[in-house]
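The file model_15.tsv contains TSV, C-alpha atoms:
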chain	number	residue	atom	x	y	z
I	1	MET	CA	14.62	-41.58	-4.33
I	2	HIS	CA	14.40	-41.16	-8.09
I	3	THR	CA	17.18	-39.27	-9.78
I	4	GLU	CA	14.79	-36.93	-11.60
I	5	ASN	CA	13.22	-35.90	-8.27
I	6	ILE	CA	16.64	-35.00	-6.94
I	7	GLU	CA	17.36	-32.91	-10.00
I	8	LYS	CA	14.14	-30.92	-9.62
I	9	MET	CA	13.93	-30.77	-5.84
I	10	SER	CA	14.29	-27.36	-4.24
I	11	GLY	CA	17.62	-26.76	-2.53
I	12	HIS	CA	16.32	-26.58	1.03
I	13	TRP	CA	14.33	-29.84	0.76
I	14	LEU	CA	17.33	-31.54	-0.82
I	15	LEU	CA	19.54	-30.41	2.08
I	16	ALA	CA	16.88	-31.44	4.60
I	17	LYS	CA	16.79	-34.86	2.96
I	18	ILE	CA	20.52	-35.41	3.58
I	19	GLY	CA	20.15	-34.44	7.24
I	20	LYS	CA	20.78	-30.70	7.22
I	21	LYS	CA	18.67	-29.23	10.02
I	22	VAL	CA	19.81	-25.61	9.92
I	23	LEU	CA	18.68	-24.19	6.58
I	24	ARG	CA	19.01	-20.48	7.30
I	25	PRO	CA	21.46	-18.34	5.33
I	26	GLY	CA	23.21	-16.98	8.44
I	27	GLY	CA	23.25	-20.32	10.23
I	28	LEU	CA	22.45	-21.09	13.83
I	29	ALA	CA	24.43	-18.13	15.19
I	30	LEU	CA	22.42	-15.52	13.30
I	31	THR	CA	19.11	-17.21	14.20
I	32	GLN	CA	20.15	-17.16	17.88
I	33	LYS	CA	21.02	-13.47	17.57
I	34	MET	CA	17.63	-12.77	16.01
I	35	LEU	CA	15.76	-14.58	18.80
I	36	SER	CA	17.70	-12.85	21.56
I	37	MET	CA	17.04	-9.43	19.94
I	38	LEU	CA	13.33	-10.32	19.85
I	39	ASP	CA	13.51	-10.70	23.63
I	40	ILE	CA	10.92	-13.48	23.95
I	41	ASN	CA	9.20	-13.79	27.33
I	42	SER	CA	6.09	-15.33	28.87
I	43	THR	CA	3.85	-12.53	27.63
I	44	ALA	CA	4.95	-12.88	24.00
I	45	ALA	CA	2.36	-13.97	21.43
I	46	MET	CA	4.67	-15.40	18.75
I	47	VAL	CA	3.91	-16.03	15.09
I	48	GLU	CA	6.38	-17.64	12.67
I	49	PHE	CA	5.89	-17.51	8.92
I	50	ALA	CA	7.04	-20.65	7.08
I	51	PRO	CA	8.47	-22.68	10.00
I	52	GLY	CA	9.77	-25.37	7.62
I	53	LEU	CA	11.23	-28.22	9.67
I	54	GLY	CA	10.56	-26.46	12.98
I	55	PHE	CA	14.18	-25.89	13.92
I	56	THR	CA	13.71	-22.27	15.00
I	57	ALA	CA	10.28	-23.05	16.44
I	58	HIS	CA	11.99	-25.42	18.87
I	59	MET	CA	14.43	-22.67	19.95
I	60	THR	CA	11.56	-20.21	20.35
I	61	LEU	CA	9.58	-22.62	22.53
I	62	GLU	CA	12.58	-23.08	24.80
I	63	LYS	CA	12.18	-19.39	25.67
I	64	LYS	CA	8.67	-20.17	26.99
I	65	PRO	CA	6.57	-17.62	25.08
I	66	GLY	CA	2.91	-17.05	26.02
I	67	SER	CA	1.86	-18.61	22.72
I	68	TYR	CA	3.33	-19.74	19.41
I	69	ILE	CA	1.63	-20.19	16.03
I	70	GLY	CA	3.44	-21.33	12.89
I	71	ILE	CA	1.85	-20.59	9.50
I	72	ASP	CA	3.00	-22.77	6.62
I	73	ALA	CA	1.70	-23.05	3.06
I	74	GLU	CA	2.62	-26.73	2.71
I	75	GLN	CA	0.11	-29.24	4.04
I	76	ASN	CA	2.76	-31.93	4.65
I	77	ALA	CA	4.92	-29.46	6.60
I	78	VAL	CA	1.96	-28.58	8.85
I	79	GLU	CA	1.15	-32.24	9.50
I	80	TYR	CA	4.80	-33.05	10.18
I	81	LEU	CA	5.18	-30.12	12.60
I	82	ASN	CA	1.95	-30.77	14.51
I	83	LYS	CA	3.14	-34.35	15.03
I	84	LYS	CA	6.67	-33.30	15.96
I	85	PHE	CA	5.48	-30.71	18.49
I	86	ARG	CA	2.63	-32.77	19.94
I	87	GLY	CA	2.47	-32.20	23.68
I	88	THR	CA	3.80	-28.64	23.44
I	89	SER	CA	1.80	-25.41	23.31
I	90	ALA	CA	2.81	-24.84	19.68
I	91	LEU	CA	0.13	-24.70	17.03
I	92	PHE	CA	0.83	-25.06	13.30
I	93	LYS	CA	-1.74	-23.93	10.76
I	94	LEU	CA	-2.04	-24.20	7.02
I	95	GLY	CA	-2.00	-20.73	5.58
I	96	ASN	CA	-0.19	-18.23	3.52
I	97	ALA	CA	2.22	-15.67	4.92
I	98	ALA	CA	0.48	-13.03	2.79
I	99	GLU	CA	-2.92	-14.12	4.09
I	100	SER	CA	-2.59	-15.91	7.41
I	101	PHE	CA	-6.23	-15.60	8.54
I	102	LEU	CA	-4.94	-14.63	11.98
I	103	PRO	CA	-6.87	-11.85	13.72
I	104	GLU	CA	-5.66	-8.27	13.41
I	105	GLN	CA	-3.27	-7.15	16.16
I	106	SER	CA	-3.15	-10.64	17.68
I	107	ALA	CA	0.64	-11.11	17.75
I	108	SER	CA	3.32	-9.27	19.70
I	109	LYS	CA	6.26	-10.73	17.75
I	110	VAL	CA	6.38	-12.10	14.21
I	111	TYR	CA	9.37	-13.56	12.39
I	112	GLY	CA	10.20	-15.40	9.21
I	113	GLU	CA	13.45	-16.84	7.92
I	114	ALA	CA	14.69	-17.57	4.41
I	115	MET	CA	11.23	-17.08	3.00
I	116	LEU	CA	10.86	-13.52	1.67
I	117	SER	CA	13.85	-14.10	-0.63
I	118	MET	CA	11.83	-16.81	-2.37
I	119	HIS	CA	9.15	-14.38	-3.55
I	120	ALA	CA	8.81	-11.68	-6.19
I	121	ASP	CA	9.06	-8.16	-4.77
I	122	HIS	CA	5.31	-7.41	-4.82
I	123	ARG	CA	4.75	-10.64	-2.90
I	124	LYS	CA	7.44	-9.70	-0.36
I	125	ALA	CA	5.49	-6.47	0.25
I	126	GLU	CA	2.24	-8.42	0.79
I	127	ILE	CA	3.89	-10.66	3.38
I	128	ILE	CA	5.35	-7.65	5.22
I	129	GLN	CA	1.88	-5.99	5.16
I	130	GLU	CA	0.41	-9.14	6.69
I	131	ALA	CA	3.01	-9.09	9.48
I	132	TYR	CA	2.09	-5.45	10.10
I	133	ARG	CA	-1.64	-6.27	10.17
I	134	ILE	CA	-1.41	-9.09	12.72
I	135	LEU	CA	1.05	-7.25	14.99
I	136	LYS	CA	-0.04	-5.23	17.99
I	137	PRO	CA	1.22	-1.63	18.07
I	138	GLN	CA	4.85	-1.60	19.35
I	139	GLY	CA	5.12	-5.23	18.20
I	140	TYR	CA	8.30	-6.59	16.60
I	141	TYR	CA	8.87	-8.12	13.19
I	142	ALA	CA	12.14	-9.93	12.46
I	143	ILE	CA	13.44	-11.28	9.16
I	144	HIS	CA	16.47	-13.50	8.45
I	145	GLU	CA	17.17	-13.49	4.73
I	146	LEU	CA	19.70	-13.78	1.99
I	147	ALA	CA	21.07	-10.38	0.95
I	148	LEU	CA	23.17	-8.97	-1.85
I	149	ARG	CA	26.01	-6.55	-1.32
I	150	PRO	CA	27.24	-3.84	-1.65
I	151	ASP	CA	24.14	-1.64	-1.56
I	152	ASN	CA	25.05	-0.09	-4.91
I	153	LEU	CA	25.42	-3.46	-6.65
I	154	ASP	CA	25.00	-3.12	-10.41
I	155	SER	CA	21.54	-4.28	-11.49
I	156	ASN	CA	22.92	-6.55	-14.22
I	157	VAL	CA	25.17	-8.30	-11.69
I	158	LYS	CA	22.16	-8.65	-9.41
I	159	LEU	CA	20.06	-10.27	-12.15
I	160	HIS	CA	22.93	-12.60	-13.05
I	161	ILE	CA	23.30	-13.76	-9.42
I	162	GLN	CA	19.53	-14.25	-9.07
I	163	LYS	CA	19.46	-16.32	-12.25
I	164	GLU	CA	22.39	-18.54	-11.20
I	165	LEU	CA	20.93	-19.00	-7.71
I	166	ALA	CA	17.56	-20.01	-9.18
I	167	LEU	CA	19.25	-22.62	-11.38
I	168	ALA	CA	21.27	-24.02	-8.49
I	169	ILE	CA	18.59	-24.16	-5.79
I	170	LYS	CA	15.60	-24.69	-8.12
I	171	VAL	CA	13.71	-21.89	-6.40
I	172	ASN	CA	13.24	-18.47	-7.91
I	173	ALA	CA	15.36	-16.72	-5.30
I	174	ARG	CA	15.12	-12.93	-5.31
I	175	PRO	CA	17.44	-11.64	-2.58
I	176	LEU	CA	17.77	-7.85	-2.14
I	177	THR	CA	20.57	-5.62	-0.92
I	178	VAL	CA	20.51	-4.78	2.80
I	179	SER	CA	19.29	-1.23	2.11
I	180	GLU	CA	16.54	-2.57	-0.16
I	181	TRP	CA	15.40	-4.94	2.60
I	182	THR	CA	15.26	-2.11	5.16
I	183	GLY	CA	13.56	0.16	2.59
I	184	LEU	CA	10.88	-2.46	1.98
I	185	LEU	CA	10.11	-2.70	5.71
I	186	GLU	CA	10.04	1.09	6.12
I	187	LYS	CA	7.73	1.49	3.13
I	188	GLU	CA	5.16	-0.72	4.89
I	189	GLY	CA	5.28	1.39	8.05
I	190	PHE	CA	7.91	-0.39	10.13
I	191	LYS	CA	10.70	1.33	11.99
I	192	VAL	CA	14.00	-0.55	11.55
I	193	LEU	CA	15.75	-1.01	14.90
I	194	LYS	CA	18.68	-3.33	14.22
I	195	VAL	CA	20.51	-4.86	11.28
I	196	GLU	CA	22.98	-7.74	11.63
I	197	THR	CA	24.81	-9.45	8.78
I	198	ALA	CA	26.84	-12.64	8.52
I	199	PRO	CA	28.69	-14.40	5.70
I	200	MET	CA	26.59	-16.69	3.53
I	201	HIS	CA	28.47	-19.89	4.40
I	202	LEU	CA	25.58	-22.35	4.41
I	203	LEU	CA	27.62	-25.18	2.84
I	204	GLU	CA	31.11	-24.33	4.11
I	205	PRO	CA	32.49	-27.20	6.24
I	206	GLN	CA	33.12	-25.08	9.35
I	207	ARG	CA	29.59	-23.63	9.28
I	208	VAL	CA	28.11	-27.10	8.80
I	209	ILE	CA	29.97	-28.31	11.91
I	210	ASP	CA	28.95	-25.17	13.88
I	211	ASP	CA	25.31	-25.64	12.86
I	212	GLU	CA	24.92	-29.41	12.93
I	213	GLY	CA	27.58	-30.63	15.34
I	214	ILE	CA	30.26	-33.18	14.40
I	215	SER	CA	27.96	-36.19	14.16
I	216	GLY	CA	25.41	-34.25	12.09
I	217	ALA	CA	28.15	-33.06	9.75
I	218	VAL	CA	29.47	-36.60	9.35
I	219	LYS	CA	26.00	-37.90	8.53
I	220	ILE	CA	25.53	-35.19	5.88
I	221	ALA	CA	28.96	-35.86	4.35
I	222	LYS	CA	28.17	-39.57	4.17
I	223	ASN	CA	24.84	-38.93	2.43
I	224	ILE	CA	26.56	-36.69	-0.12
I	225	LEU	CA	29.35	-39.18	-0.78
I	226	LEU	CA	27.06	-42.17	-1.16
I	227	ASN	CA	24.62	-40.57	-3.57
I	228	PRO	CA	26.05	-39.27	-6.86
I	229	SER	CA	22.94	-37.35	-7.94
I	230	ILE	CA	22.72	-35.59	-4.57
I	231	ARG	CA	26.45	-34.94	-4.66
I	232	LYS	CA	26.15	-33.28	-8.06
I	233	ARG	CA	23.40	-30.93	-6.84
I	234	VAL	CA	25.11	-30.03	-3.56
I	235	PHE	CA	28.41	-29.29	-5.29
I	236	GLN	CA	26.59	-27.17	-7.85
I	237	MET	CA	24.95	-25.11	-5.08
I	238	LYS	CA	28.22	-24.80	-3.23
I	239	LYS	CA	29.98	-23.65	-6.39
I	240	ILE	CA	27.44	-20.89	-7.00
I	241	PHE	CA	27.56	-19.74	-3.36
I	242	LYS	CA	31.35	-19.65	-3.51
I	243	LYS	CA	31.41	-17.86	-6.86
I	244	HIS	CA	29.20	-15.03	-5.61
I	245	GLU	CA	30.41	-15.06	-2.02
I	246	LYS	CA	31.64	-11.46	-2.06
I	247	ASN	CA	28.24	-10.25	-3.30
I	248	MET	CA	26.10	-12.33	-0.93
I	249	CYS	CA	25.52	-12.30	2.80
I	250	ALA	CA	22.86	-13.20	5.34
I	251	VAL	CA	20.95	-10.45	7.11
I	252	VAL	CA	18.73	-10.20	10.18
I	253	ILE	CA	16.58	-7.10	10.54
I	254	ILE	CA	14.50	-6.30	13.61
I	255	ALA	CA	11.71	-3.79	12.97
I	256	LYS	CA	8.96	-2.32	15.11
I	257	LYS	CA	5.36	-1.45	14.39
I	258	GLU	CA	5.06	2.09	15.73
Structure rendered as C-alpha cells:
Amino acid sequence: MHTENIEKMSGHWLLAKIGKKVLRPGGLALTQKMLSMLDINSTAAMVEFAPGLGFTAHMTLEKKPGSYIGIDAEQNAVEYLNKKFRGTSALFKLGNAAESFLPEQSASKVYGEAMLSMHADHRKAEIIQEAYRILKPQGYYAIHELALRPDNLDSNVKLHIQKELALAIKVNARPLTVSEWTGLLEKEGFKVLKVETAPMHLLEPQRVIDDEGISGAVKIAKNILLNPSIRKRVFQMKKIFKKHEKNMCAVVIIAKKE
C-alpha cells in the first residue's frame, strides 16, 4: 500500500483495511438496537442504503426477512458483496441512495447507517425522499448516524467540528444535531417513533473489543503498530474524536411513513 494512498484514503476504508469490521458510529450495540426496533420478520421486504462491507446485512439476514436488497454507489462494493453473500437470498445492486431505481412502495423497511452524515444537507433530504418513495405506507425507515450535541450547539462550533472531522477522515462529514436529524425526517413526511443515542467511541479500546472481539482487536492493534503511515492517520482520527467527544454522539432514529 503506497503511503500517499493511505494519506488520502477515507477514514472508513482505512479502518476496514486494518481489519475493523464495525464502522458505525454507535458500534455493534446501537446497530443491534436499531435492528430489533425495526422488528424484522419473514414478511419484511428490506432495503439497505450503502451496505459497505455487509456487516449489518449479515445481521439482517440472520433475522430471515422476506427479501433483502442492498443499494451501493460503489461498483467494487457491489461486486464484493454479491460474492460474499452468494448462496443467500440477498441481492446487491449498483445505485444511488437518492435514486435507487427500486419500484415505488416496494419496501416495508429501509435503513442506512453512517451515510447521510457524508452528504450535504440538500442531498440528505433527497436520500430521505427516496426512502419515503420506495416505502409502503406504514413502512419503517431507520438511520444510524453521527450527531452533534447539544441541540443548541453554536453554529461556529458546529462548522469547526465539521471542518476538523473532514480533515481527519478525508470525507466531507456533515453531522447534524439530534433535533436537526429528526426535523429533517419530519420535513419529508415521516413520523419519528424512537430516538436512541450512544457515545461516539468508535476508536476507544473498550468499544473496539466490544465490536470486534479480542482477536479482532489484537489484529487491528497489530496493523496499526506495524504501519507508521496508518498509525499516524488512526491517531489523528482518534485525537479529533476525543477532542470533540462532548459535542458528538451516535444516534439511531426509527421513523414511520404514515
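Atom CA of I:Lys194 lies 17.7 Å from atom CA of I:Pro25.
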TODO: Excluding I:Ala44 and residues on its chain fewer than 2 positions from it, collect all residues at most 7 Å away from it, counting all atoms listed in the file, and give them as a list in words.
DONE: Ile40, Asn41, Ser42, Met46, Pro65, Gly66, Ser67, Ser108 and Lys109 of chain I
- [ ] Write out as a list in words which residues come within 10 Å of I:Gly70 when counting all atoms listed in the file, dropping same-chain ones fewer than 2 positions away.
- [x] Met46, Val47, Glu48, Phe49, Ala50, Pro51, Gly52, Gly54, Ala57, Tyr68, Asp72, Val78, Leu81, Asn82, Ala90, Leu91, Phe92, Lys93, Leu94, Gly95, Ala97, Ser100, Val110, Tyr111 and Gly112 of chain I
Dump C-alpha atoms for the selected residues as a short mmCIF file (atom, residue, chain, number, x, y, z; two decimals), in the coordinates of the input?
data_model
loop_
_atom_site.label_atom_id
_atom_site.label_comp_id
_atom_site.auth_asym_id
_atom_site.auth_seq_id
_atom_site.Cartn_x
_atom_site.Cartn_y
_atom_site.Cartn_z
CA MET I 46 4.67 -15.40 18.75
CA VAL I 47 3.91 -16.03 15.09
CA GLU I 48 6.38 -17.64 12.67
CA PHE I 49 5.89 -17.51 8.92
CA ALA I 50 7.04 -20.65 7.08
CA PRO I 51 8.47 -22.68 10.00
CA GLY I 52 9.77 -25.37 7.62
CA GLY I 54 10.56 -26.46 12.98
CA ALA I 57 10.28 -23.05 16.44
CA TYR I 68 3.33 -19.74 19.41
CA ASP I 72 3.00 -22.77 6.62
CA VAL I 78 1.96 -28.58 8.85
CA LEU I 81 5.18 -30.12 12.60
CA ASN I 82 1.95 -30.77 14.51
CA ALA I 90 2.81 -24.84 19.68
CA LEU I 91 0.13 -24.70 17.03
CA PHE I 92 0.83 -25.06 13.30
CA LYS I 93 -1.74 -23.93 10.76
CA LEU I 94 -2.04 -24.20 7.02
CA GLY I 95 -2.00 -20.73 5.58
CA ALA I 97 2.22 -15.67 4.92
CA SER I 100 -2.59 -15.91 7.41
CA VAL I 110 6.38 -12.10 14.21
CA TYR I 111 9.37 -13.56 12.39
CA GLY I 112 10.20 -15.40 9.21
#
Open item on the list: Neighbouring residues of stretch 130-144 of chain I were defined as those with any atom within 9 Å, considering all atoms listed in the file; residues of the same chain fewer than 4 positions away were excluded. Please report them as a ChimeraX atom specification.
Closed with: /I:24-26,30-31,34-35,37-38,47,49,97-100,102-116,125-126,188-190,250-258
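Counting from atom CA of I:Trp13, the distance to atom CA of I:Ala120 is 20.2 Å.
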Open item on the list: So, with all atoms listed in the file as the atoms that count, which of I:Leu15, I:Ala73, I:Ile161, I:Val178 lies closest to I:Ala221?
Closed with: I:Leu15
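Here atom CA of I:His244 stands at a distance of 26.4 Å from atom CA of I:Lys222.
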Open item on the list: Which residue is closest to I:His122? Choose from I:His58, I:Lys246, I:Leu184, I:Met9 and count only C-alpha atoms.
Closed with: I:Leu184
Open item on the list: Applying 6 Å and all atoms listed in the file, which residues near I:Ala147 remain after dropping the ones on its own chain fewer than 5 positions away? List them as a PyMOL selection string.
Closed with: chain I and resi 175-178+248-250
Task: Spatial neighbours of stretch 206-216 of chain I, max dist 7 Å, all atoms listed in the file, sep filter under 4 positions, as a list in words - done: Lys21, Val22, Gly27, Leu28, His201, Leu202 and Ile220 of chain I
- [ ] Go through I:Leu53, I:Lys17, I:Ser229, I:Asn223 and flag the residue nearest I:Phe85, using only C-alpha atoms for the distances.
- [x] I:Leu53
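Shortest atom-to-atom contact with I:His160 among I:Thr88, I:Gln129, I:Asn227, I:Asn247: I:Asn247, counting all atoms listed in the file.
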